[in-house]
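Student: Here's a structure for you.
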Amino acid sequence: MDKLNVSATANGLNYLPEYVADVSGLFAANDLAVTATACDPWTGVLDDLESGAADLALGGLWVPGMYAGMDRRLTVVGQLNHAFPMTIVARDATDPISLDWLAGRVVLAPGAGGSAPFEFTAGLIREAGLDVGATRWVRDLSTAMLIELYEGGLGDAIILDLVSAKELVAAGHGTIVFRHLDAGVMPNSVYYCLTERVEELSDRTARFMDAIATAMEKINAGTATDDIETVLTQRFGDRDRGLLREAASEMARGGVWDTTVIDPEASDRWMRILAEAGLIVRAPSLSELTGARPVGASS
């Protein structure tokens, strides 16, 4: 059995297909022994790639995008999240909002785990023809810290993942008023490796992504219930099981796990958003990010 080591930027419910592929034996059926580690801080995935401790990193597409054309050469080999499962929770609003509602308000945007929660939201604001600067942002702190501060009275709204948002609402601290899943396709989480190792890893990554795709199919078809329960017990045992199930169902319905193949137009959109924000020197094409190779499952 061939070994494949993955370093991830987090242990998140949005990574569910990988976890299901593991507990259901899909990796083993493809003759793979997969080990996965969540890094804290998340930048440890880059260290693990460089040291060889990891073959693949799992995280945001924005990371290979930022390094495109630089000395650190990274190549994307597949997609795990086809949409961005974040939300905005508001303290006082109770109805769905349009993004102009954020103007003049204080919004907390976790950033210790990466730039996407703020940057994608800001990109949507610019796409709507609105001014990002009209909102006062509290940024660059961890999700846990910003939730604590929000619960203590700071801010009018907070950007959160679906699970944390549901927990905050259940605790009586507001309402989910905006879902980023409604904003269209967004290649959020992807697998990438050192460009110099693409050929060496190609057979293993192909089998790995095929297993991920099969797990996605099982989740979306509703035939992975027992596997999901195992994952929830093993990885999220201290969190409310009902809220986890609700969040997983919403992600499935919202297209988060529709495909392991990255949509070129969605990639271009995300890179354009990052370029407009000044986070990347230029907007790389999907072909550049993938080395012009097919990515995702083989069928």
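Chain labels follow the order of the structure tokens: the first chain is A, the next B, and so on; residue numbering restarts at 1 in every chain, and ligands are counted from 1 in their shown order.
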Would you write out, as a Markdown table, a table of all residues in region 53-108 of chain A that have an atom no more than 10 Å from an atom of region 158-162 of chain A, listing for each the closest atom pair and the distance in Å to one decimal, considering only C-alpha atoms and ordering rows by chain and rising residue number?
Tutor:
| residue | atom | partner | partner_atom | distance |
| --- | --- | --- | --- | --- |
| A:Phe84 | CA | A:Asp161 | CA | 9.0 |
| A:Pro85 | CA | A:Asp161 | CA | 6.2 |
| A:Met86 | CA | A:Asp161 | CA | 4.4 |
| A:Thr87 | CA | A:Leu160 | CA | 5.3 |
| A:Ile88 | CA | A:Ile159 | CA | 4.5 |
| A:Val89 | CA | A:Ile158 | CA | 5.4 |
| A:Ala90 | CA | A:Ile158 | CA | 6.6 |
| A:Arg91 | CA | A:Ile158 | CA | 8.5 |
| A:Val106 | CA | A:Ile158 | CA | 8.6 |
| A:Val107 | CA | A:Ile158 | CA | 5.4 |
| A:Leu108 | CA | A:Ile158 | CA | 4.5 |
Student: Enumerate, in order of chain and increasing residue number, the residues of region 82-175 of chain A with an atom no farther than 9 Å from region 265-286 of chain A, each with its shortest atom pair and distance in Å to one decimal, counting only C-alpha atoms, as CSV.
Tutor:
residue,atom,partner,partner_atom,distance
A:Glu119,CA,A:Leu274,CA,7.1
A:Phe120,CA,A:Ile273,CA,7.1
A:Ala122,CA,A:Ile273,CA,8.3
A:Gly123,CA,A:Ile273,CA,5.3
A:Leu124,CA,A:Ile273,CA,8.4
A:Arg126,CA,A:Ile273,CA,8.7
A:Glu127,CA,A:Ile273,CA,8.9
Student: From a DSSP pass on the backbone, collect the residues of region 179-271 of chain A flagged as helix (DSSP H, G or I) and hand them back as a ChimeraX atom specification.
Tutor: /A:180-183,195-221,225-235,241-253,264-271
Student: Which residues come within 10 Å of region 35-48 of chain A, counting only C-alpha atoms, excluding same-chain residues fewer than 6 positions away, as a VMD selection string?
Tutor: chain A and resid 3 to 12 18 to 19 22 54 to 59 63 72 74 112 to 114 193 to 194
Student: Sorted by chain and rising residue number, list the residues of region 249-294 of chain A at most 10 Å from region 220-229 of chain A (counting only C-alpha atoms), each with its closest atom pair and distance in Å to one decimal, as a Markdown table.
Tutor:
| residue | atom | partner | partner_atom | distance |
| --- | --- | --- | --- | --- |
| A:Ser249 | CA | A:Asn220 | CA | 8.7 |
| A:Met251 | CA | A:Asn220 | CA | 9.6 |
| A:Ala252 | CA | A:Asn220 | CA | 5.9 |
| A:Arg253 | CA | A:Asn220 | CA | 7.8 |
| A:Gly255 | CA | A:Asn220 | CA | 8.9 |
| A:Val256 | CA | A:Asn220 | CA | 9.8 |
| A:Trp257 | CA | A:Asn220 | CA | 7.5 |
| A:Asp258 | CA | A:Asn220 | CA | 7.7 |
Student: Using only C-alpha atoms, tabulate the residues of region 113-163 of chain A lying at most 12 Å from any atom of region 92-98 of chain A, each with its closest atom pair and that distance in Å to one decimal, by chain and increasing residue number, as CSV.
Tutor:
residue,atom,partner,partner_atom,distance
A:Thr121,CA,A:Ser98,CA,11.8
A:Leu124,CA,A:Ser98,CA,10.5
A:Ile125,CA,A:Ser98,CA,9.5
A:Ala128,CA,A:Ser98,CA,9.5
A:Leu130,CA,A:Ser98,CA,10.8
A:Gly153,CA,A:Asp92,CA,11.5
A:Gly155,CA,A:Asp92,CA,10.6
A:Asp156,CA,A:Asp92,CA,7.4
A:Ala157,CA,A:Asp92,CA,8.5
A:Ile158,CA,A:Asp92,CA,11.7
Student: Name the closest residue to Leu13 (chain A) among the candidates A:Val76, A:Leu289, A:Ala247, A:Leu61; distances are taken between atoms, counting only C-alpha atoms.
Tutor: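 Checking each candidate against Leu13 (chain A), we get A:Ala247 as the closest.
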Student: From a backbone DSSP assignment, name each residue in region 100-251 of chain A labelled strand (DSSP E or B), as a list in words.
Tutor: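 Assigned to strand (DSSP E or B), within region 100-251 of chain A: Val106, Val107, Leu108, Ala109, Arg136, Trp137, Val138, Arg139, Ala157, Ile158, Ile159, Leu160, Asp161, Thr175, Ile176, Val177, Phe178, Arg179, Ser189, Val190, Tyr191, Tyr192, Cys193 and Leu194 of chain A.
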Student: Between A:Leu168, A:Met209, A:Ala83, A:Leu149, single out the one closest to Thr260 (chain A), counting only C-alpha atoms.
Tutor: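 Using only C-alpha atoms, the shortest distance to Thr260 (chain A) belongs to A:Met209.
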Student: Quick one, how far is CA of Val295 (chain A) from CA of Val190 (chain A)?
Tutor: 10.2 Å
Student: Between A:Gly69, A:Gly254, A:Gly25, A:Pro110, which residue has the minimum interatomic distance to Val138 (chain A), considering only C-alpha atoms?
Tutor: A:Pro110
Student: Using only C-alpha atoms, which residues sit within 8 Å of Gly111 (chain A) once same-chain residues fewer than 6 positions away are excluded, as a PDB file with C-alpha atoms, in the first residue's frame?
Tutor:
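Result file result03.pdb:
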ATOM      1  CA  PRO A 117     -13.120  35.331   4.999  1.00  0.00           C
ATOM      2  CA  PHE A 118     -12.387  39.035   4.678  1.00  0.00           C
ATOM      3  CA  ARG A 139      -9.353  41.787  11.356  1.00  0.00           C
ATOM      4  CA  ASP A 140      -6.364  39.474  11.722  1.00  0.00           C
ATOM      5  CA  LEU A 141      -7.407  37.826  14.987  1.00  0.00           C
ATOM      6  CA  SER A 142      -8.470  34.229  15.544  1.00  0.00           C
ATOM      7  CA  THR A 143     -12.035  33.013  15.184  1.00  0.00           C
TER       8      THR A 143
END
